[in-house]
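For reference, data15.cif (mmCIF, C-alpha atoms):
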```cif
data_target
#
loop_
_atom_site.label_atom_id
_atom_site.label_comp_id
_atom_site.auth_asym_id
_atom_site.auth_seq_id
_atom_site.Cartn_x
_atom_site.Cartn_y
_atom_site.Cartn_z
CA MET A 1 27.80 -19.21 2.80
CA SER A 2 29.74 -18.39 -0.34
CA ALA A 3 31.88 -15.32 -0.79
CA ALA A 4 28.98 -13.31 -2.17
CA LEU A 5 29.15 -9.59 -1.48
CA TYR A 6 26.06 -8.32 0.34
CA ARG A 7 24.24 -5.09 -0.36
CA LEU A 8 20.84 -3.55 0.21
CA ALA A 9 18.41 -3.90 -2.70
CA ARG A 10 17.16 -0.90 -4.65
CA GLY A 11 14.81 1.22 -2.60
CA VAL A 12 15.84 -0.33 0.73
CA ARG A 13 17.19 2.18 3.22
CA LEU A 14 18.74 1.95 6.64
CA ARG A 15 17.82 4.68 9.06
CA ARG A 16 19.09 5.53 12.52
CA GLN A 17 16.89 7.65 14.75
CA ALA A 18 18.43 10.40 16.84
CA GLY A 19 18.24 8.07 19.86
CA GLY A 20 20.30 5.40 18.05
CA GLU A 21 17.31 3.14 17.34
CA ALA A 22 17.64 1.62 13.85
CA MET A 23 15.12 0.58 11.25
CA LEU A 24 15.13 -0.78 7.73
CA LEU A 25 12.76 1.16 5.49
CA VAL A 26 11.34 -0.92 2.65
CA PRO A 27 8.49 -0.41 0.18
CA GLU A 28 5.46 0.50 2.31
CA GLY A 29 7.03 -1.05 5.39
CA ILE A 30 9.35 -0.69 8.36
CA LEU A 31 11.48 -3.38 10.00
CA SER A 32 12.87 -2.65 13.47
CA LEU A 33 16.49 -3.69 13.85
CA ASN A 34 18.48 -4.67 16.91
CA ASP A 35 22.03 -3.37 17.28
CA THR A 36 23.71 -6.36 15.65
CA ALA A 37 21.34 -6.36 12.67
CA ALA A 38 21.78 -2.63 12.13
CA ALA A 39 25.56 -2.90 12.28
CA ALA A 40 25.58 -5.89 9.91
CA LEU A 41 23.42 -4.02 7.39
CA GLU A 42 25.60 -0.92 7.65
CA LEU A 43 28.49 -3.13 6.55
CA ALA A 44 26.47 -4.67 3.71
CA ASP A 45 27.50 -2.04 1.16
CA GLY A 46 28.46 -4.38 -1.66
CA SER A 47 32.14 -4.51 -0.73
CA ARG A 48 32.10 -7.23 1.95
CA ASP A 49 31.31 -10.92 2.07
CA PHE A 50 29.69 -12.76 4.96
CA GLU A 51 32.90 -13.67 6.80
CA THR A 52 34.23 -10.14 6.57
CA ILE A 53 31.04 -8.72 8.01
CA VAL A 54 31.01 -11.19 10.93
CA ALA A 55 34.68 -10.54 11.63
CA ALA A 56 34.08 -6.79 11.72
CA LEU A 57 31.10 -7.23 14.05
CA SER A 58 33.07 -9.40 16.45
CA LYS A 59 35.37 -6.44 17.13
CA THR A 60 32.40 -4.33 18.23
CA PHE A 61 30.02 -6.76 19.88
CA ASP A 62 30.69 -8.78 22.97
CA ALA A 63 29.43 -12.09 21.61
CA SER A 64 31.09 -15.25 20.42
CA GLN A 65 31.94 -15.55 16.74
CA SER A 66 29.58 -18.51 16.42
CA ILE A 67 26.60 -16.65 17.87
CA LEU A 68 27.27 -13.58 15.72
CA SER A 69 27.72 -15.80 12.71
CA GLN A 70 24.37 -17.50 13.29
CA ASP A 71 22.57 -14.19 13.91
CA VAL A 72 23.89 -12.61 10.74
CA ARG A 73 23.20 -15.76 8.73
CA ASP A 74 19.56 -15.77 9.90
CA LEU A 75 19.23 -12.05 9.21
CA PHE A 76 20.62 -12.26 5.68
CA GLU A 77 18.61 -15.37 4.85
CA ALA A 78 15.37 -13.68 5.87
CA LEU A 79 16.14 -10.44 4.06
CA VAL A 80 17.45 -12.13 0.90
CA ALA A 81 14.26 -14.22 0.77
CA ARG A 82 12.19 -11.04 0.76
CA GLY A 83 14.44 -9.35 -1.79
CA PHE A 84 15.62 -6.61 0.59
CA VAL A 85 19.25 -7.75 0.60
CA ILE A 86 21.09 -8.91 -2.52
CA PRO A 87 23.96 -11.41 -2.21
CA MET B 1 0.92 8.82 5.74
CA LEU B 2 -0.83 8.57 2.42
CA CYS B 3 -0.94 11.88 0.55
CA GLU B 4 -3.68 11.97 -2.07
CA LEU B 5 -2.48 14.90 -4.14
CA THR B 6 -5.47 15.09 -6.47
CA TYR B 7 -8.64 13.24 -7.37
CA ARG B 8 -7.97 13.93 -11.06
CA CYS B 9 -7.11 10.92 -13.18
CA ASN B 10 -7.04 10.21 -16.90
CA LEU B 11 -8.25 6.64 -16.30
CA GLN B 12 -11.79 5.64 -15.36
CA CYS B 13 -11.28 2.34 -13.53
CA PRO B 14 -14.63 1.23 -12.11
CA TYR B 15 -12.92 -0.34 -9.04
CA CYS B 16 -11.39 2.90 -7.74
CA TYR B 17 -11.78 3.35 -3.97
CA ASN B 18 -12.04 7.14 -4.34
CA PRO B 19 -15.33 8.67 -3.22
CA LEU B 20 -18.16 8.84 -5.75
CA ASN B 21 -18.43 12.61 -5.63
CA LEU B 22 -14.62 12.98 -6.09
CA GLY B 23 -14.75 16.04 -3.88
CA ARG B 24 -14.63 19.47 -5.37
CA LEU B 25 -11.90 18.84 -7.91
CA ALA B 26 -10.38 22.30 -7.92
CA ASP B 27 -10.21 22.62 -4.16
CA GLU B 28 -6.78 20.99 -3.82
CA LEU B 29 -4.25 21.80 -1.12
CA SER B 30 -1.53 24.07 -2.50
CA ARG B 31 2.11 23.04 -2.59
CA ALA B 32 2.76 25.21 0.49
CA GLU B 33 -0.06 23.50 2.36
CA TRP B 34 1.29 20.07 1.44
CA LEU B 35 4.82 21.03 2.49
CA SER B 36 3.45 22.10 5.84
CA ALA B 37 1.64 18.76 6.14
CA ILE B 38 4.90 16.89 5.44
CA ASP B 39 6.78 19.00 7.98
CA GLN B 40 4.13 18.34 10.63
CA ALA B 41 4.21 14.63 9.85
CA LEU B 42 8.00 14.47 10.15
CA GLU B 43 7.72 16.29 13.47
CA LEU B 44 5.27 13.60 14.66
CA GLY B 45 7.76 10.86 13.73
CA ILE B 46 6.17 9.61 10.51
CA VAL B 47 8.78 7.77 8.42
CA GLN B 48 6.71 6.35 5.54
CA PHE B 49 4.98 8.57 2.99
CA GLY B 50 2.84 7.41 0.09
CA PHE B 51 1.88 9.70 -2.78
CA SER B 52 -1.31 8.72 -4.49
CA GLY B 53 -4.58 10.16 -5.79
CA GLY B 54 -6.28 10.15 -8.27
CA GLU B 55 -3.11 10.27 -10.28
CA PRO B 56 -0.37 12.04 -8.30
CA THR B 57 1.90 12.67 -11.31
CA LEU B 58 -0.72 15.13 -12.61
CA ARG B 59 0.89 17.44 -10.02
CA ALA B 60 4.41 16.53 -11.09
CA ALA B 61 6.29 19.62 -9.88
CA ASP B 62 4.52 19.53 -6.51
CA LEU B 63 5.15 15.79 -6.22
CA VAL B 64 8.89 16.26 -6.73
CA ALA B 65 8.98 19.02 -4.10
CA LEU B 66 7.13 16.84 -1.56
CA VAL B 67 9.33 13.80 -2.16
CA GLU B 68 12.35 16.01 -1.67
CA ARG B 69 11.03 17.44 1.60
CA ALA B 70 10.10 14.03 3.04
CA THR B 71 13.45 12.54 2.01
CA ALA B 72 15.36 15.46 3.52
CA GLY B 73 13.53 14.68 6.77
CA GLY B 74 14.88 11.11 6.70
CA ALA B 75 11.61 9.49 5.57
CA TYR B 76 10.87 6.87 2.94
CA THR B 77 8.76 7.77 -0.08
CA ASN B 78 6.44 5.59 -2.17
CA LEU B 79 4.75 6.70 -5.39
CA ILE B 80 1.51 4.91 -6.23
CA THR B 81 0.79 5.62 -9.88
CA GLN B 82 -0.86 4.24 -12.97
CA GLY B 83 2.27 5.37 -14.75
CA THR B 84 1.06 7.01 -17.92
CA PHE B 85 2.84 10.34 -17.21
CA LEU B 86 5.99 8.85 -15.65
CA ASP B 87 8.42 9.80 -18.43
CA ASP B 88 12.21 9.79 -18.15
CA ALA B 89 12.40 13.46 -17.24
CA LEU B 90 9.98 13.04 -14.34
CA LEU B 91 11.73 9.86 -13.19
CA ASP B 92 15.04 11.76 -13.19
CA GLN B 93 13.57 14.49 -11.03
CA LEU B 94 11.87 12.10 -8.63
CA LEU B 95 14.98 9.97 -8.15
CA ASP B 96 17.11 13.07 -7.62
CA ALA B 97 14.57 14.10 -4.99
CA GLY B 98 15.07 10.74 -3.24
CA LEU B 99 12.08 8.64 -4.29
CA ALA B 100 12.60 5.08 -3.01
CA HIS B 101 9.68 3.04 -4.39
CA VAL B 102 7.33 3.18 -7.34
CA GLN B 103 4.18 1.08 -7.62
CA ILE B 104 2.78 0.94 -11.15
CA SER B 105 -0.60 -0.59 -11.83
CA ILE B 106 -1.88 -2.40 -14.88
CA GLN B 107 -5.51 -3.33 -15.43
CA ALA B 108 -4.98 -6.60 -17.31
CA PRO B 109 -2.18 -8.49 -19.10
CA GLU B 110 -3.28 -7.40 -22.55
CA THR B 111 -4.34 -4.25 -24.36
CA GLU B 112 -7.96 -4.87 -25.21
CA LEU B 113 -9.14 -5.93 -21.76
CA ALA B 114 -6.97 -3.28 -20.07
CA ALA B 115 -8.55 -0.58 -22.23
CA ALA B 116 -12.04 -1.88 -21.51
CA ILE B 117 -11.40 -1.67 -17.75
CA ALA B 118 -9.52 1.65 -17.70
CA GLY B 119 -11.88 3.27 -20.19
CA THR B 120 -8.88 4.42 -22.23
CA ASP B 121 -6.14 2.74 -24.23
CA VAL B 122 -2.95 3.30 -22.24
CA HIS B 123 -1.71 -0.26 -21.70
CA GLU B 124 1.25 -0.13 -24.11
CA ARG B 125 2.32 3.17 -22.62
CA LYS B 126 2.27 1.64 -19.13
CA ILE B 127 4.40 -1.30 -20.23
CA GLU B 128 6.96 1.06 -21.72
CA VAL B 129 7.10 3.05 -18.46
CA LEU B 130 7.31 -0.14 -16.42
CA ARG B 131 10.32 -1.32 -18.44
CA ARG B 132 12.14 1.97 -18.12
CA THR B 133 11.46 2.23 -14.38
CA ARG B 134 12.73 -1.31 -13.87
CA GLU B 135 16.18 -0.19 -15.05
CA ARG B 136 16.38 2.67 -12.56
CA ASP B 137 17.74 2.78 -9.01
CA VAL B 138 14.36 2.54 -7.31
CA ALA B 139 12.24 -0.28 -5.86
CA LEU B 140 9.44 -1.26 -8.24
CA THR B 141 6.16 -3.03 -7.55
CA LEU B 142 3.74 -4.10 -10.25
CA ASN B 143 0.15 -3.98 -9.05
CA CYS B 144 -2.99 -5.40 -10.58
CA VAL B 145 -6.40 -5.18 -8.96
CA LEU B 146 -8.32 -8.41 -9.53
CA HIS B 147 -12.06 -8.66 -10.08
CA ARG B 148 -14.55 -10.70 -12.04
CA LEU B 149 -13.55 -9.25 -15.42
CA ASN B 150 -9.81 -9.96 -15.24
CA HIS B 151 -9.51 -12.76 -12.67
CA ASP B 152 -9.28 -15.47 -15.30
CA THR B 153 -6.21 -13.78 -16.80
CA LEU B 154 -4.18 -14.41 -13.63
CA PRO B 155 -1.91 -16.99 -15.33
CA GLU B 156 -1.07 -14.40 -18.00
CA ILE B 157 -0.46 -11.70 -15.37
CA LEU B 158 1.96 -14.00 -13.53
CA ALA B 159 3.71 -14.95 -16.78
CA PHE B 160 3.94 -11.29 -17.79
CA ALA B 161 5.51 -10.31 -14.46
CA GLU B 162 8.02 -13.12 -14.67
CA ARG B 163 8.94 -12.30 -18.27
CA GLU B 164 9.44 -8.64 -17.37
CA GLY B 165 11.72 -9.47 -14.43
CA ILE B 166 9.39 -7.94 -11.85
CA ARG B 167 10.63 -8.56 -8.28
CA ARG B 168 7.52 -7.40 -6.43
CA LEU B 169 4.02 -8.24 -7.61
CA GLU B 170 0.88 -7.20 -5.77
CA LEU B 171 -2.32 -8.96 -6.78
CA ALA B 172 -5.09 -7.31 -4.85
CA ASN B 173 -8.60 -8.63 -5.06
CA VAL B 174 -10.86 -5.63 -5.26
CA GLN B 175 -12.13 -4.29 -1.94
CA PHE B 176 -15.52 -2.69 -2.07
CA TYR B 177 -15.37 1.04 -1.29
CA GLY B 178 -16.18 4.13 -3.33
CA TRP B 179 -16.58 3.31 -7.02
CA ALA B 180 -15.88 -0.36 -6.38
CA TYR B 181 -18.78 -0.50 -3.93
CA ARG B 182 -20.99 1.22 -6.51
CA ASN B 183 -19.94 -1.47 -9.03
CA ARG B 184 -19.71 -4.42 -6.68
CA ALA B 185 -22.35 -6.50 -8.43
CA ALA B 186 -20.33 -6.44 -11.64
CA LEU B 187 -16.87 -6.69 -10.04
CA MET B 188 -17.48 -9.43 -7.44
CA PRO B 189 -15.33 -12.42 -8.41
CA THR B 190 -16.82 -15.88 -8.27
CA ARG B 191 -15.79 -18.29 -5.55
CA ALA B 192 -14.19 -20.48 -8.23
CA GLN B 193 -12.08 -17.53 -9.43
CA VAL B 194 -10.93 -16.67 -5.92
CA GLU B 195 -10.00 -20.25 -5.06
CA ARG B 196 -8.29 -20.89 -8.38
CA GLY B 197 -6.40 -17.62 -7.91
CA ALA B 198 -5.13 -18.67 -4.48
CA GLU B 199 -3.88 -21.97 -5.94
CA LEU B 200 -2.13 -20.29 -8.88
CA VAL B 201 -0.47 -17.73 -6.64
CA ALA B 202 0.67 -20.33 -4.09
CA ALA B 203 2.29 -22.35 -6.89
CA ALA B 204 3.98 -19.24 -8.32
CA GLN B 205 5.17 -18.15 -4.86
CA ALA B 206 6.81 -21.55 -4.32
CA ARG B 207 8.37 -21.62 -7.77
CA LEU B 208 9.63 -18.00 -7.70
CA ALA B 209 10.73 -17.84 -4.04
CA GLY B 210 13.64 -15.43 -3.72
CA ALA B 211 13.13 -14.07 -7.24
CA MET B 212 9.69 -12.49 -6.98
CA GLU B 213 7.70 -11.55 -3.91
CA ILE B 214 4.02 -12.02 -4.70
CA THR B 215 1.31 -10.63 -2.48
CA TYR B 216 -2.20 -11.95 -2.99
CA VAL B 217 -4.72 -9.90 -1.07
CA LEU B 218 -7.79 -12.03 -0.46
CA PRO B 219 -11.20 -10.47 -0.92
CA ASP B 220 -12.90 -9.80 2.40
CA TYR B 221 -16.22 -11.12 1.21
CA PHE B 222 -14.79 -14.63 0.84
CA GLU B 223 -13.06 -14.79 4.20
CA GLU B 224 -14.54 -15.95 7.49
CA LEU B 225 -12.40 -13.57 9.54
CA PRO B 226 -12.27 -9.83 8.94
CA LYS B 227 -9.05 -8.11 7.87
CA PRO B 228 -7.21 -6.13 10.57
CA CYS B 229 -8.12 -2.99 8.68
CA MET B 230 -5.32 -0.36 8.82
CA HIS B 231 -3.93 -2.41 11.78
CA GLY B 232 -6.56 -0.70 13.87
CA TRP B 233 -8.38 2.60 13.38
CA GLY B 234 -6.05 5.55 13.99
CA GLN B 235 -3.20 3.38 15.22
CA VAL B 236 -0.46 3.37 12.57
CA ALA B 237 -1.72 5.09 9.42
CA LEU B 238 -3.46 8.20 8.17
CA THR B 239 -4.50 9.64 4.82
CA VAL B 240 -4.72 13.26 3.71
CA THR B 241 -7.23 13.86 0.91
CA PRO B 242 -6.69 16.35 -1.96
CA ASP B 243 -8.81 18.92 -0.13
CA GLY B 244 -7.01 18.53 3.20
CA ARG B 245 -9.23 16.18 5.16
CA VAL B 246 -7.32 13.85 7.49
CA LEU B 247 -8.65 10.29 7.49
CA PRO B 248 -7.84 7.20 9.58
CA CYS B 249 -8.28 5.11 6.40
CA PRO B 250 -8.23 5.98 2.67
CA ALA B 251 -11.86 4.86 2.33
CA ALA B 252 -13.12 6.63 5.46
CA THR B 253 -15.16 9.26 3.60
CA SER B 254 -17.58 6.36 3.06
CA ILE B 255 -18.65 6.96 6.65
CA THR B 256 -20.96 9.90 6.21
CA THR B 257 -21.79 10.13 9.92
CA LEU B 258 -18.24 11.23 10.81
CA THR B 259 -16.79 14.71 10.40
CA PHE B 260 -13.10 14.61 9.53
CA PRO B 261 -10.54 17.19 10.63
CA ASN B 262 -9.07 19.34 7.85
CA LEU B 263 -5.49 20.64 7.66
CA ARG B 264 -6.87 24.04 6.73
CA SER B 265 -8.35 24.36 10.21
CA SER B 266 -6.50 21.79 12.34
CA THR B 267 -2.93 20.70 12.94
CA LEU B 268 -1.97 17.16 12.05
CA ARG B 269 -1.17 16.56 15.71
CA ASP B 270 -4.64 17.56 16.86
CA ALA B 271 -6.24 15.54 14.06
CA TRP B 272 -4.34 12.41 15.13
CA TYR B 273 -4.52 12.71 18.91
CA SER B 274 -7.70 14.64 19.65
CA SER B 275 -10.21 14.63 16.78
CA ASP B 276 -13.48 12.80 17.23
CA ALA B 277 -12.96 10.98 13.92
CA PHE B 278 -9.61 9.47 15.01
CA THR B 279 -10.47 8.71 18.63
CA ARG B 280 -13.95 7.28 18.05
CA TYR B 281 -12.86 3.76 17.00
CA ARG B 282 -9.29 3.71 18.28
CA GLY B 283 -8.45 0.80 20.56
CA THR B 284 -11.13 -1.64 21.76
CA ALA B 285 -13.39 0.28 24.17
CA TRP B 286 -15.91 1.20 21.42
CA MET B 287 -16.49 -2.41 20.40
CA PRO B 288 -19.88 -4.09 20.51
CA GLU B 289 -20.36 -7.81 21.00
CA PRO B 290 -19.25 -10.23 19.60
CA CYS B 291 -15.97 -8.22 19.25
CA ARG B 292 -15.80 -7.02 22.86
CA SER B 293 -15.33 -10.48 24.32
CA CYS B 294 -13.51 -11.93 21.29
CA GLU B 295 -9.99 -13.22 21.84
CA ARG B 296 -9.07 -11.84 18.41
CA LYS B 297 -10.09 -8.26 19.18
CA GLU B 298 -6.49 -7.01 19.22
CA LEU B 299 -5.63 -9.04 16.13
CA ASP B 300 -8.31 -7.85 13.74
CA TRP B 301 -9.53 -4.73 15.64
CA GLY B 302 -13.16 -5.45 14.77
CA GLY B 303 -12.41 -5.45 11.04
CA CYS B 304 -13.20 -2.52 8.80
CA ARG B 305 -15.28 0.46 10.00
CA CYS B 306 -16.01 1.62 6.46
CA GLN B 307 -17.32 -1.78 5.44
CA ALA B 308 -19.42 -1.99 8.60
CA PHE B 309 -20.96 1.38 7.75
CA LEU B 310 -21.52 0.67 4.06
CA LEU B 311 -23.23 -2.65 4.73
CA THR B 312 -25.10 -2.06 8.01
CA GLY B 313 -25.37 1.74 8.26
CA ASP B 314 -23.55 1.60 11.62
CA ALA B 315 -19.81 2.27 11.62
CA ALA B 316 -19.52 0.80 15.15
CA ALA B 317 -20.94 -2.58 14.13
CA THR B 318 -18.82 -5.71 13.85
CA ASP B 319 -17.50 -5.96 10.28
CA PRO B 320 -20.05 -8.15 8.45
CA ALA B 321 -17.11 -9.90 6.75
CA CYS B 322 -16.64 -11.73 10.07
CA ALA B 323 -18.55 -15.01 10.29
CA LEU B 324 -19.42 -14.09 13.90
CA SER B 325 -21.16 -10.86 12.83
CA PRO B 326 -24.94 -11.00 13.28
CA ARG B 327 -25.12 -9.44 9.78
CA HIS B 328 -22.73 -11.82 7.99
CA ASP B 329 -25.72 -12.59 5.74
CA LEU B 330 -25.16 -9.17 4.09
CA VAL B 331 -21.79 -10.38 2.81
CA THR B 332 -22.91 -13.82 1.75
CA ALA B 333 -25.88 -12.30 -0.11
CA TYR B 334 -23.61 -10.07 -2.23
CA ARG B 335 -21.05 -12.80 -2.67
CA ASP B 336 -23.53 -15.28 -4.04
CA ALA B 337 -25.63 -12.87 -6.11
CA PRO B 338 -25.66 -13.20 -9.91
CA ALA B 339 -23.31 -10.85 -11.72
CA ALA B 340 -24.52 -7.50 -13.01
CA GLU B 341 -23.46 -6.50 -16.50
CA VAL B 342 -23.43 -2.76 -16.05
CA LEU B 343 -20.27 -0.98 -14.94
CA VAL B 344 -20.21 2.70 -14.05
CA PRO B 345 -16.88 4.24 -15.07
CA ARG B 346 -15.16 6.49 -12.51
CA ARG B 347 -15.89 10.03 -13.66
CA PRO B 348 -16.21 13.34 -11.88
CA ASP B 349 -19.70 14.72 -11.46
CA PRO B 350 -19.79 17.70 -13.88
CA ALA B 351 -21.99 19.61 -11.43
CA LEU B 352 -19.13 19.64 -8.91
CA ARG B 353 -16.37 20.74 -11.25
#
```

Translate the structure described by the file into structure tokens.
Amino acid sequence: MSAALYRLARGVRLRRQAGGEAMLLVPEGILSLNDTAAAALELADGSRDFETIVAALSKTFDASQSILSQDVRDLFEALVARGFVIP
Amino acid sequence: MLCELTYRCNLQCPYCYNPLNLGRLADELSRAEWLSAIDQALELGIVQFGFSGGEPTLRAADLVALVERATAGGAYTNLITQGTFLDDALLDQLLDAGLAHVQISIQAPETELAAAIAGTDVHERKIEVLRRTRERDVALTLNCVLHRLNHDTLPEILAFAEREGIRRLELANVQFYGWAYRNRAALMPTRAQVERGAELVAAAQARLAGAMEITYVLPDYFEELPKPCMHGWGQVALTVTPDGRVLPCPAATSITTLTFPNLRSSTLRDAWYSSDAFTRYRGTAWMPEPCRSCERKELDWGGCRCQAFLLTGDAAATDPACALSPRHDLVTAYRDAPAAEVLVPRRPDPALR
């Protein structure tokens, strides 16, 4: 991936329930997020590129850099394709 | 939760799903009653609110207050509008209140046809509003309901959306409830239109992948499998009508054999969990054959109860849109009937004003 800075598109909102469960609220829809996805999207505020986000996650999550990298790549690819995340 | 703030509308689109009698127009829930409904919904864990009608911006001040309340409760808000009253001042207020998504509809890609369908000449006004909304910090969807009269303009609709930089385009073939059911003989697209439409949209989806998300909602009457209407009756969605009735589906007033709970005499919790209207067709236990033994019963939930009622007179019947329905002939008969010329514009019955 290039050094694009990731951010949520207009009208896309991240929400954490009181119990910690996270969801992405989009036009007329809800996407449930696992912990890694929620944390990655919290970091996608327009100030960080892909590598920076993965590096930050690797400090929090007990997973190898390569697994985290693949997870976040898949997540961003899917959300960029639907216009919910902007690179 | 879809909040229909009013049945009033300055357009007269003959494909509107609103009920034919349009309720008693003046008997609308007050702002306080709506705020209570929002609070109850938030308490029940609802996180998506739609504001619709009629035309919801005809209650602009109330709309702003409701968007604000839902947003404060952590929920997401969608405004479904035809746009003609969405001026900059109202947009400012709605965005300050937290509005996340606006869906604006057009009737056709050009003025003359749009005016003929809407019964009033507001197309240019809509385009102006669309352009101004596009520049704001809010998600925007352009919607166009497709039917026999505008289906052939699909290439122009797609070109228009692309030219205007629209990122979300919803092309919904008309579904036949309310006024659309009344006008179905004139609105039913031809098979050639539906198939050509699917081809055009598939090509545009491939070409514009990543730039524009295009939804093409197929018309039930041309499918062999029923749609999983509302993802199951009373399972994930509810609608509150202008006069406070709570419905499992926006078209449910079509089913005249059901009595719906009303927020003036019931809580939202009781309406959802305990009312006869919500529990009657929830799940799969109510299903007749061929649904009961069908392996798809938890995929399509027996199809649409309103359509079953409108076509067969029995809301518990298998949706006739399904090829396995013993009354599938009802759908094929309408689908293949010659077009009617007469359209009845959506207008309130003066006797009920």

Quiz item: Mind listing as a PyMOL selection string which residues of chain A are within 12 Å of chain B, counting all atoms listed in the file?
Solution: chain A and resi 8-18+23-31+77-87

Self-check item: Top pick for closest residue to Arg207 (chain B), considering B:Lys126, B:Trp34, B:Glu162, B:Trp272 and counting all atoms listed in the file
Solution: B:Glu162

Quiz item: So which residues touch Gln65 (chain A) within 9 Å, counting all atoms listed in the file, skipping near sequence neighbours fewer than 5 positions away, as a list in words?
Solution: Val54, Ala55, Leu57, Ser58 and Gln70 of chain A

Practice problem: Quick one: apply the PyMOL selection byres ((chain B and resi 58) around 12) to the file and drop the selected residues here as a list of chain:residue names. | Solution: B:Glu4, B:Leu5, B:Thr6, B:Tyr7, B:Arg8, B:Cys9, B:Asn10, B:Leu11, B:Phe51, B:Ser52, B:Gly53, B:Gly54, B:Glu55, B:Pro56, B:Thr57, B:Arg59, B:Ala60, B:Ala61, B:Asp62, B:Leu63, B:Val64, B:Thr81, B:Gln82, B:Gly83, B:Thr84, B:Phe85, B:Leu86, B:Leu90

Could you save the residues just selected, with C-alpha atoms, as a PDB file, in the coordinates of the input?
```pdb
ATOM      1  CA  GLU B   4      -3.680  11.970  -2.070  1.00  0.00           C
ATOM      2  CA  LEU B   5      -2.480  14.900  -4.140  1.00  0.00           C
ATOM      3  CA  THR B   6      -5.470  15.090  -6.470  1.00  0.00           C
ATOM      4  CA  TYR B   7      -8.640  13.240  -7.370  1.00  0.00           C
ATOM      5  CA  ARG B   8      -7.970  13.930 -11.060  1.00  0.00           C
ATOM      6  CA  CYS B   9      -7.110  10.920 -13.180  1.00  0.00           C
ATOM      7  CA  ASN B  10      -7.040  10.210 -16.900  1.00  0.00           C
ATOM      8  CA  LEU B  11      -8.250   6.640 -16.300  1.00  0.00           C
ATOM      9  CA  PHE B  51       1.880   9.700  -2.780  1.00  0.00           C
ATOM     10  CA  SER B  52      -1.310   8.720  -4.490  1.00  0.00           C
ATOM     11  CA  GLY B  53      -4.580  10.160  -5.790  1.00  0.00           C
ATOM     12  CA  GLY B  54      -6.280  10.150  -8.270  1.00  0.00           C
ATOM     13  CA  GLU B  55      -3.110  10.270 -10.280  1.00  0.00           C
ATOM     14  CA  PRO B  56      -0.370  12.040  -8.300  1.00  0.00           C
ATOM     15  CA  THR B  57       1.900  12.670 -11.310  1.00  0.00           C
ATOM     16  CA  ARG B  59       0.890  17.440 -10.020  1.00  0.00           C
ATOM     17  CA  ALA B  60       4.410  16.530 -11.090  1.00  0.00           C
ATOM     18  CA  ALA B  61       6.290  19.620  -9.880  1.00  0.00           C
ATOM     19  CA  ASP B  62       4.520  19.530  -6.510  1.00  0.00           C
ATOM     20  CA  LEU B  63       5.150  15.790  -6.220  1.00  0.00           C
ATOM     21  CA  VAL B  64       8.890  16.260  -6.730  1.00  0.00           C
ATOM     22  CA  THR B  81       0.790   5.620  -9.880  1.00  0.00           C
ATOM     23  CA  GLN B  82      -0.860   4.240 -12.970  1.00  0.00           C
ATOM     24  CA  GLY B  83       2.270   5.370 -14.750  1.00  0.00           C
ATOM     25  CA  THR B  84       1.060   7.010 -17.920  1.00  0.00           C
ATOM     26  CA  PHE B  85       2.840  10.340 -17.210  1.00  0.00           C
ATOM     27  CA  LEU B  86       5.990   8.850 -15.650  1.00  0.00           C
ATOM     28  CA  LEU B  90       9.980  13.040 -14.340  1.00  0.00           C
TER      29      LEU B  90
END
```

Exercise. Write out as an NGL selection string each polymer residue whose atoms come within 9 Å of Leu43 (chain A), counting all atoms listed in the file; drop sequence neighbours fewer than 5 positions from it.
Key: :A and (6-7 or 38 or 48 or 53 or 56-57)

Based on the selection just made, write C-alpha atoms of those residues as a compact mmCIF listing (two decimals), in the coordinates of the input.
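After the write, part-v9.txt holds the following:
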```
# COMPACT_ATOMS: atom_id res chain seq x y z
CA TYR A 6 26.06 -8.32 0.34
CA ARG A 7 24.24 -5.09 -0.36
CA ALA A 38 21.78 -2.63 12.13
CA ARG A 48 32.10 -7.23 1.95
CA ILE A 53 31.04 -8.72 8.01
CA ALA A 56 34.08 -6.79 11.72
CA LEU A 57 31.10 -7.23 14.05
```

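When CA of Gly119 (chain B) is paired with CA of Pro345 (chain B), their separation reads 7.2 Å.
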
Quiz item: Written as a PyMOL selection string, which residues does the PyMOL selection byres ((chain B and resi 187) around 7) give for the file shown?
Solution: chain B and resi 147-149+183-186+188-189

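One distance worth recording is that between CA of Asp92 (chain B) and CA of Arg163 (chain B), which is 25.3 Å.
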
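Using all atoms listed in the file, the protein and nucleic acid residues lying no more than 6 Å from Val145 (chain B), apart from those fewer than 2 places from it along its own chain, are Leu171, Ala172, Asn173 and Val174 of chain B.
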
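Going from CA of Ala317 (chain B) over to CA of Ser275 (chain B), you cover 20.5 Å.
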
As a CSV table (one decimal), in the frame of the given file, could you write out region 315-319 of chain B once it has been completed with N, CA and C atoms?
```csv
chain,number,residue,atom,x,y,z
B,315,ALA,N,-21.3,2.4,11.7
B,315,ALA,CA,-19.8,2.3,11.6
B,315,ALA,C,-19.2,1.6,12.9
B,316,ALA,N,-20.0,1.5,13.9
B,316,ALA,CA,-19.5,0.8,15.2
B,316,ALA,C,-19.9,-0.7,15.2
B,317,ALA,N,-20.5,-1.2,14.1
B,317,ALA,CA,-20.9,-2.6,14.1
B,317,ALA,C,-19.7,-3.5,13.9
B,318,THR,N,-19.8,-4.7,14.3
B,318,THR,CA,-18.8,-5.7,13.8
B,318,THR,C,-18.8,-5.8,12.3
B,319,ASP,N,-17.6,-5.8,11.7
B,319,ASP,CA,-17.5,-6.0,10.3
B,319,ASP,C,-18.3,-7.2,9.8
```
